[in-house]
file query13.pdb (PDB, C-alpha atoms, pLDDT in the B column)
ATOM      1  CA  MET J   1       0.000   0.000   0.000  1.00 44.00           C
ATOM      2  CA  LEU J   2       1.353   3.430  -0.985  1.00 45.00           C
ATOM      3  CA  ALA J   3       1.638   6.230   1.551  1.00 47.00           C
ATOM      4  CA  ALA J   4      -0.074   9.552   0.851  1.00 45.00           C
ATOM      5  CA  PRO J   5       2.249  12.269  -0.449  1.00 47.00           C
ATOM      6  CA  ALA J   6       3.709  14.537   2.216  1.00 48.00           C
ATOM      7  CA  THR J   7       1.996  17.573   0.660  1.00 48.00           C
ATOM      8  CA  THR J   8      -1.501  16.167   1.222  1.00 48.00           C
ATOM      9  CA  ARG J   9      -3.335  18.165   3.894  1.00 51.00           C
ATOM     10  CA  LYS J  10      -5.064  16.264   6.621  1.00 54.00           C
ATOM     11  CA  HIS J  11      -8.779  17.084   6.553  1.00 56.00           C
ATOM     12  CA  ASP J  12      -9.787  17.139  10.173  1.00 66.00           C
ATOM     13  CA  ALA J  13     -12.252  19.410  11.977  1.00 65.00           C
ATOM     14  CA  SER J  14      -9.708  22.185  12.563  1.00 78.00           C
ATOM     15  CA  THR J  15      -8.742  22.259   8.866  1.00 77.00           C
ATOM     16  CA  LEU J  16     -12.388  22.493   7.824  1.00 72.00           C
ATOM     17  CA  GLU J  17     -12.990  25.268  10.365  1.00 89.00           C
ATOM     18  CA  TRP J  18      -9.974  27.158   9.003  1.00 87.00           C
ATOM     19  CA  GLU J  19     -11.222  26.759   5.434  1.00 90.00           C
ATOM     20  CA  THR J  20     -14.627  28.096   6.511  1.00 91.00           C
ATOM     21  CA  ALA J  21     -12.945  31.036   8.245  1.00 92.00           C
ATOM     22  CA  GLU J  22     -10.951  31.772   5.075  1.00 93.00           C
ATOM     23  CA  THR J  23     -14.132  31.765   2.975  1.00 93.00           C
ATOM     24  CA  ASP J  24     -15.911  33.993   5.489  1.00 93.00           C
ATOM     25  CA  ALA J  25     -12.951  36.396   5.553  1.00 93.00           C
ATOM     26  CA  ARG J  26     -13.020  36.632   1.741  1.00 94.00           C
ATOM     27  CA  PHE J  27     -16.766  37.323   1.881  1.00 93.00           C
ATOM     28  CA  PHE J  28     -16.312  40.212   4.308  1.00 94.00           C
ATOM     29  CA  HIS J  29     -13.251  41.467   2.433  1.00 94.00           C
ATOM     30  CA  GLY J  30     -15.529  41.898  -0.571  1.00 93.00           C
ATOM     31  CA  LEU J  31     -17.465  44.409   1.523  1.00 94.00           C
ATOM     32  CA  SER J  32     -14.400  46.167   2.925  1.00 93.00           C
ATOM     33  CA  ASP J  33     -14.203  48.984   0.392  1.00 96.00           C
ATOM     34  CA  PRO J  34     -16.234  52.215   0.800  1.00 96.00           C
ATOM     35  CA  THR J  35     -16.965  52.401  -2.935  1.00 98.00           C
ATOM     36  CA  ARG J  36     -18.315  48.844  -3.009  1.00 98.00           C
ATOM     37  CA  LEU J  37     -20.482  49.560   0.043  1.00 97.00           C
ATOM     38  CA  ALA J  38     -21.782  52.772  -1.544  1.00 98.00           C
ATOM     39  CA  ILE J  39     -22.632  50.873  -4.735  1.00 98.00           C
ATOM     40  CA  LEU J  40     -24.534  48.250  -2.760  1.00 98.00           C
ATOM     41  CA  GLU J  41     -26.404  50.954  -0.817  1.00 97.00           C
ATOM     42  CA  LEU J  42     -27.446  52.627  -4.086  1.00 98.00           C
ATOM     43  CA  LEU J  43     -28.535  49.310  -5.584  1.00 98.00           C
ATOM     44  CA  LEU J  44     -30.693  48.565  -2.561  1.00 96.00           C
ATOM     45  CA  GLY J  45     -32.878  51.404  -3.864  1.00 96.00           C
ATOM     46  CA  GLY J  46     -33.342  49.601  -7.180  1.00 97.00           C
ATOM     47  CA  GLU J  47     -31.342  48.577 -10.199  1.00 97.00           C
ATOM     48  CA  LYS J  48     -29.041  51.079 -11.863  1.00 98.00           C
ATOM     49  CA  ASN J  49     -26.668  51.185 -14.811  1.00 98.00           C
ATOM     50  CA  VAL J  50     -23.009  52.241 -14.609  1.00 98.00           C
ATOM     51  CA  SER J  51     -23.744  55.817 -15.732  1.00 97.00           C
ATOM     52  CA  GLU J  52     -26.307  56.255 -12.962  1.00 98.00           C
ATOM     53  CA  LEU J  53     -23.866  54.895 -10.381  1.00 98.00           C
ATOM     54  CA  VAL J  54     -21.056  57.144 -11.651  1.00 98.00           C
ATOM     55  CA  ALA J  55     -23.318  60.199 -11.403  1.00 98.00           C
ATOM     56  CA  ALA J  56     -24.507  59.281  -7.900  1.00 98.00           C
ATOM     57  CA  LEU J  57     -21.029  58.486  -6.566  1.00 98.00           C
ATOM     58  CA  GLY J  58     -19.024  61.160  -8.362  1.00 98.00           C
ATOM     59  CA  VAL J  59     -16.144  58.799  -9.111  1.00 97.00           C
ATOM     60  CA  PRO J  60     -14.645  57.746 -12.462  1.00 98.00           C
ATOM     61  CA  GLN J  61     -16.482  55.183 -14.575  1.00 98.00           C
ATOM     62  CA  SER J  62     -13.461  52.866 -14.576  1.00 97.00           C
ATOM     63  CA  ARG J  63     -13.505  52.745 -10.781  1.00 98.00           C
ATOM     64  CA  VAL J  64     -17.230  51.954 -10.635  1.00 98.00           C
ATOM     65  CA  SER J  65     -16.810  49.274 -13.309  1.00 98.00           C
ATOM     66  CA  SER J  66     -13.898  47.652 -11.442  1.00 97.00           C
ATOM     67  CA  HIS J  67     -15.873  47.505  -8.216  1.00 98.00           C
ATOM     68  CA  LEU J  68     -18.975  46.210  -9.995  1.00 98.00           C
ATOM     69  CA  ALA J  69     -16.875  43.440 -11.553  1.00 97.00           C
ATOM     70  CA  CYS J  70     -15.685  42.442  -8.072  1.00 97.00           C
ATOM     71  CA  LEU J  71     -19.199  42.598  -6.613  1.00 97.00           C
ATOM     72  CA  ARG J  72     -20.614  40.578  -9.498  1.00 97.00           C
ATOM     73  CA  HIS J  73     -17.853  37.975  -9.451  1.00 96.00           C
ATOM     74  CA  CYS J  74     -18.319  37.468  -5.708  1.00 95.00           C
ATOM     75  CA  GLY J  75     -22.109  37.150  -6.011  1.00 95.00           C
ATOM     76  CA  TYR J  76     -23.185  40.383  -4.311  1.00 97.00           C
ATOM     77  CA  VAL J  77     -24.751  41.836  -7.461  1.00 98.00           C
ATOM     78  CA  ALA J  78     -26.276  40.514 -10.676  1.00 98.00           C
ATOM     79  CA  HIS J  79     -27.042  42.293 -13.922  1.00 98.00           C
ATOM     80  CA  ARG J  80     -29.331  42.214 -16.929  1.00 97.00           C
ATOM     81  CA  ARG J  81     -28.807  43.693 -20.363  1.00 97.00           C
ATOM     82  CA  GLU J  82     -31.256  46.152 -21.861  1.00 96.00           C
ATOM     83  CA  GLY J  83     -30.054  47.363 -25.238  1.00 96.00           C
ATOM     84  CA  LYS J  84     -26.510  48.645 -24.810  1.00 95.00           C
ATOM     85  CA  TYR J  85     -26.835  49.057 -21.028  1.00 95.00           C
ATOM     86  CA  LEU J  86     -26.249  46.652 -18.166  1.00 97.00           C
ATOM     87  CA  TYR J  87     -28.509  47.192 -15.178  1.00 98.00           C
ATOM     88  CA  TYR J  88     -27.152  46.032 -11.838  1.00 98.00           C
ATOM     89  CA  ARG J  89     -29.110  44.920  -8.781  1.00 98.00           C
ATOM     90  CA  VAL J  90     -28.382  43.327  -5.426  1.00 98.00           C
ATOM     91  CA  ALA J  91     -28.314  39.586  -6.082  1.00 97.00           C
ATOM     92  CA  ASP J  92     -29.272  38.362  -2.615  1.00 95.00           C
ATOM     93  CA  PRO J  93     -31.933  40.040  -0.477  1.00 93.00           C
ATOM     94  CA  ARG J  94     -30.014  39.100   2.673  1.00 95.00           C
ATOM     95  CA  ILE J  95     -27.400  41.732   1.728  1.00 95.00           C
ATOM     96  CA  HIS J  96     -29.786  44.460   2.926  1.00 95.00           C
ATOM     97  CA  ALA J  97     -30.124  42.911   6.392  1.00 96.00           C
ATOM     98  CA  LEU J  98     -26.373  42.309   6.553  1.00 96.00           C
ATOM     99  CA  LEU J  99     -25.578  45.938   5.732  1.00 95.00           C
ATOM    100  CA  LEU J 100     -28.069  47.211   8.305  1.00 95.00           C
ATOM    101  CA  LEU J 101     -26.654  44.948  11.001  1.00 96.00           C
ATOM    102  CA  GLY J 102     -23.085  45.857  10.082  1.00 95.00           C
ATOM    103  CA  ARG J 103     -23.888  49.567  10.185  1.00 95.00           C
ATOM    104  CA  THR J 104     -25.475  49.198  13.631  1.00 96.00           C
ATOM    105  CA  ILE J 105     -22.505  47.290  15.020  1.00 96.00           C
ATOM    106  CA  ALA J 106     -20.034  49.736  13.416  1.00 95.00           C
ATOM    107  CA  ARG J 107     -21.775  52.709  15.002  1.00 96.00           C
ATOM    108  CA  ASP J 108     -21.798  50.999  18.411  1.00 97.00           C
ATOM    109  CA  HIS J 109     -18.027  50.464  18.106  1.00 95.00           C
ATOM    110  CA  ALA J 110     -17.047  53.544  16.077  1.00 95.00           C
ATOM    111  CA  ALA J 111     -14.341  54.744  18.489  1.00 95.00           C
ATOM    112  CA  GLN J 112     -12.649  51.347  18.621  1.00 95.00           C
ATOM    113  CA  LEU J 113     -12.798  50.962  14.846  1.00 94.00           C
ATOM    114  CA  ALA J 114     -11.361  54.446  14.328  1.00 94.00           C
ATOM    115  CA  SER J 115      -8.405  53.775  16.634  1.00 94.00           C
ATOM    116  CA  CYS J 116      -7.561  50.217  15.556  1.00 93.00           C
ATOM    117  CA  PRO J 117      -3.980  50.247  14.198  1.00 92.00           C
ATOM    118  CA  THR J 118      -4.578  47.122  12.121  1.00 90.00           C
ATOM    119  CA  LEU J 119      -7.465  48.747  10.273  1.00 85.00           C
ATOM    120  CA  SER J 120      -5.692  52.062   9.737  1.00 78.00           C
ATOM    121  CA  GLU J 121      -4.526  51.180   6.210  1.00 65.00           C
ATOM    122  CA  ASP J 122      -6.041  53.285   3.440  1.00 60.00           C
ATOM    123  CA  PRO J 123      -8.879  51.277   1.803  1.00 52.00           C
ATOM    124  CA  GLU J 124      -8.681  53.504  -1.291  1.00 52.00           C
ATOM    125  CA  ASP J 125      -5.359  51.855  -2.230  1.00 50.00           C
ATOM    126  CA  GLU J 126      -7.314  48.833  -3.402  1.00 48.00           C
ATOM    127  CA  LEU J 127      -8.889  49.179  -6.868  1.00 49.00           C
ATOM    128  CA  SER J 128      -8.081  52.888  -6.981  1.00 48.00           C
ATOM    129  CA  SER J 129      -8.117  52.946 -10.766  1.00 41.00           C
TER     130      SER J 129
END

call {"tool": "encode", "arguments": {"input": "query13.pdb", "output": "structure tokens"}}
result
Amino acid sequence: MLAAPATTRKHDASTLEWETAETDARFFHGLSDPTRLAILELLLGGEKNVSELVAALGVPQSRVSSHLACLRHCGYVAHRREGKYLYYRVADPRIHALLLLGRTIARDHAAQLASCPTLSEDPEDELSS
């Protein structure tokens, strides 16, 4: 009988918990940019095309498009085509409840969040194009 290669990871409970934590961290990282959050907030009011989002946010079209691509790829938003326009909408209705809960918790802990040295990095560095 052949032994398993040394590079094979053992799949025990702690490994599965770590993999779940990694997935959860990626999910929340998708929400960690102010532009992406603003886009989601706007889309909670109904579907919008890129031009409407650009006008509402006052940021370059390329930036909105980059963030929409991230949000779409990660499953936060979906789109439909109408003529030459793509209309975006929130893909999962639970996003609304999540954003409301997150906002409530953030406000309750605003001072701690503002002073956390780990979170002091500039979020605009990511996808700043």

call {"tool": "residues_around", "arguments": {"input": "query13.pdb", "residues": "Leu57 in chain J", "least_positions_apart": "2", "cutoff": "12 Å", "atoms": "all atoms listed in the file", "output": "PDB file with C-alpha atoms, in the coordinates of the input"}}
result
ATOM      1  CA  PRO J  34     -16.234  52.215   0.800  1.00 96.00           C
ATOM      2  CA  THR J  35     -16.965  52.401  -2.935  1.00 98.00           C
ATOM      3  CA  ARG J  36     -18.315  48.844  -3.009  1.00 98.00           C
ATOM      4  CA  LEU J  37     -20.482  49.560   0.043  1.00 97.00           C
ATOM      5  CA  ALA J  38     -21.782  52.772  -1.544  1.00 98.00           C
ATOM      6  CA  ILE J  39     -22.632  50.873  -4.735  1.00 98.00           C
ATOM      7  CA  LEU J  40     -24.534  48.250  -2.760  1.00 98.00           C
ATOM      8  CA  GLU J  41     -26.404  50.954  -0.817  1.00 97.00           C
ATOM      9  CA  LEU J  42     -27.446  52.627  -4.086  1.00 98.00           C
ATOM     10  CA  LEU J  43     -28.535  49.310  -5.584  1.00 98.00           C
ATOM     11  CA  VAL J  50     -23.009  52.241 -14.609  1.00 98.00           C
ATOM     12  CA  SER J  51     -23.744  55.817 -15.732  1.00 97.00           C
ATOM     13  CA  GLU J  52     -26.307  56.255 -12.962  1.00 98.00           C
ATOM     14  CA  LEU J  53     -23.866  54.895 -10.381  1.00 98.00           C
ATOM     15  CA  VAL J  54     -21.056  57.144 -11.651  1.00 98.00           C
ATOM     16  CA  ALA J  55     -23.318  60.199 -11.403  1.00 98.00           C
ATOM     17  CA  VAL J  59     -16.144  58.799  -9.111  1.00 97.00           C
ATOM     18  CA  PRO J  60     -14.645  57.746 -12.462  1.00 98.00           C
ATOM     19  CA  GLN J  61     -16.482  55.183 -14.575  1.00 98.00           C
ATOM     20  CA  ARG J  63     -13.505  52.745 -10.781  1.00 98.00           C
ATOM     21  CA  VAL J  64     -17.230  51.954 -10.635  1.00 98.00           C
TER      22      VAL J  64
END

call {"tool": "resolve_selection", "arguments": {"input": "query13.pdb", "expression": "the PyMOL selection byres ((chain J and resi 79) around 10)", "output": "PyMOL selection string"}}
result
chain J and resi 47-49+68+72+77-78+80-82+85-91

call {"tool": "atom_distance", "arguments": {"input": "query13.pdb", "atom1": "CA of Tyr76 in chain J", "atom2": "CA of Phe27 in chain J"}}
result
9.4 Å

call {"tool": "closest_residue", "arguments": {"input": "query13.pdb", "among": "J:Leu16, J:Ile105, J:Ile95, J:Cys116", "to": "Leu31 in chain J", "atoms": "all atoms listed in the file"}}
result
J:Ile95

call {"tool": "atom_distance", "arguments": {"input": "query13.pdb", "atom1": "CA of Cys74 in chain J", "atom2": "CA of Arg107 in chain J"}}
result
25.9 Å

call {"tool": "atom_distance", "arguments": {"input": "query13.pdb", "atom1": "CA of Leu44 in chain J", "atom2": "CA of Pro93 in chain J"}}
result
8.9 Å

call {"tool": "axis_aligned_box", "arguments": {"input": "query13.pdb", "around": "range 76-88 of chain J", "padding_each_side": "6 Å", "output": "lines of an AutoDock Vina configuration file"}}
result
center_x = -27.2
center_y = 44.7
center_z = -14.8
size_x = 20.1
size_y = 20.7
size_z = 32.9

call {"tool": "build_atoms", "arguments": {"input": "query13.pdb", "residues": "range 50-71 of chain J", "atoms": "N, CA, C and O atoms", "output": "short mmCIF file (atom, residue, chain, number, x, y, z; two decimals), in the coordinates of the input"}}
result
data_model
loop_
_atom_site.label_atom_id
_atom_site.label_comp_id
_atom_site.auth_asym_id
_atom_site.auth_seq_id
_atom_site.Cartn_x
_atom_site.Cartn_y
_atom_site.Cartn_z
N VAL J 50 -24.29 51.67 -15.02
CA VAL J 50 -23.01 52.24 -14.61
C VAL J 50 -23.06 53.77 -14.62
O VAL J 50 -22.57 54.42 -13.69
N SER J 51 -23.66 54.35 -15.65
CA SER J 51 -23.74 55.82 -15.73
C SER J 51 -24.48 56.41 -14.54
O SER J 51 -24.08 57.44 -14.00
N GLU J 52 -25.55 55.77 -14.12
CA GLU J 52 -26.31 56.26 -12.96
C GLU J 52 -25.47 56.15 -11.68
O GLU J 52 -25.51 57.05 -10.84
N LEU J 53 -24.72 55.07 -11.56
CA LEU J 53 -23.87 54.90 -10.38
C LEU J 53 -22.73 55.92 -10.38
O LEU J 53 -22.41 56.49 -9.33
N VAL J 54 -22.13 56.16 -11.54
CA VAL J 54 -21.06 57.14 -11.65
C VAL J 54 -21.58 58.52 -11.23
O VAL J 54 -20.93 59.24 -10.46
N ALA J 55 -22.74 58.89 -11.73
CA ALA J 55 -23.32 60.20 -11.40
C ALA J 55 -23.62 60.30 -9.91
O ALA J 55 -23.37 61.34 -9.29
N ALA J 56 -24.15 59.26 -9.32
CA ALA J 56 -24.51 59.28 -7.90
C ALA J 56 -23.28 59.30 -7.00
O ALA J 56 -23.28 59.94 -5.94
N LEU J 57 -22.22 58.60 -7.40
CA LEU J 57 -21.03 58.49 -6.57
C LEU J 57 -20.00 59.58 -6.82
O LEU J 57 -19.18 59.88 -5.95
N GLY J 58 -20.00 60.14 -8.02
CA GLY J 58 -19.02 61.16 -8.36
C GLY J 58 -17.61 60.63 -8.48
O GLY J 58 -16.65 61.34 -8.17
N VAL J 59 -17.47 59.40 -8.91
CA VAL J 59 -16.14 58.80 -9.11
C VAL J 59 -16.04 58.36 -10.57
O VAL J 59 -17.05 58.23 -11.27
N PRO J 60 -14.81 58.14 -11.06
CA PRO J 60 -14.64 57.75 -12.46
C PRO J 60 -15.36 56.44 -12.82
O PRO J 60 -15.49 55.54 -11.99
N GLN J 61 -15.78 56.37 -14.07
CA GLN J 61 -16.48 55.18 -14.58
C GLN J 61 -15.63 53.93 -14.43
O GLN J 61 -16.14 52.87 -14.08
N SER J 62 -14.33 54.04 -14.67
CA SER J 62 -13.46 52.87 -14.58
C SER J 62 -13.44 52.31 -13.15
O SER J 62 -13.40 51.09 -12.96
N ARG J 63 -13.49 53.19 -12.18
CA ARG J 63 -13.50 52.74 -10.78
C ARG J 63 -14.81 52.02 -10.45
O ARG J 63 -14.80 50.96 -9.82
N VAL J 64 -15.93 52.59 -10.87
CA VAL J 64 -17.23 51.95 -10.64
C VAL J 64 -17.27 50.59 -11.33
O VAL J 64 -17.69 49.59 -10.74
N SER J 65 -16.80 50.53 -12.56
CA SER J 65 -16.81 49.27 -13.31
C SER J 65 -15.94 48.21 -12.64
O SER J 65 -16.32 47.04 -12.57
N SER J 66 -14.77 48.61 -12.14
CA SER J 66 -13.90 47.65 -11.44
C SER J 66 -14.57 47.09 -10.20
O SER J 66 -14.52 45.88 -9.94
N HIS J 67 -15.20 47.96 -9.43
CA HIS J 67 -15.87 47.50 -8.22
C HIS J 67 -17.10 46.67 -8.54
O HIS J 67 -17.38 45.68 -7.86
N LEU J 68 -17.83 47.03 -9.59
CA LEU J 68 -18.98 46.21 -9.99
C LEU J 68 -18.52 44.82 -10.44
O LEU J 68 -19.19 43.82 -10.14
N ALA J 69 -17.40 44.75 -11.13
CA ALA J 69 -16.88 43.44 -11.55
C ALA J 69 -16.57 42.58 -10.33
O ALA J 69 -16.89 41.38 -10.31
N CYS J 70 -15.97 43.17 -9.31
CA CYS J 70 -15.68 42.44 -8.07
C CYS J 70 -16.99 41.99 -7.42
O CYS J 70 -17.14 40.82 -7.04
N LEU J 71 -17.93 42.92 -7.26
CA LEU J 71 -19.20 42.60 -6.61
C LEU J 71 -19.97 41.52 -7.37
O LEU J 71 -20.58 40.64 -6.76
#
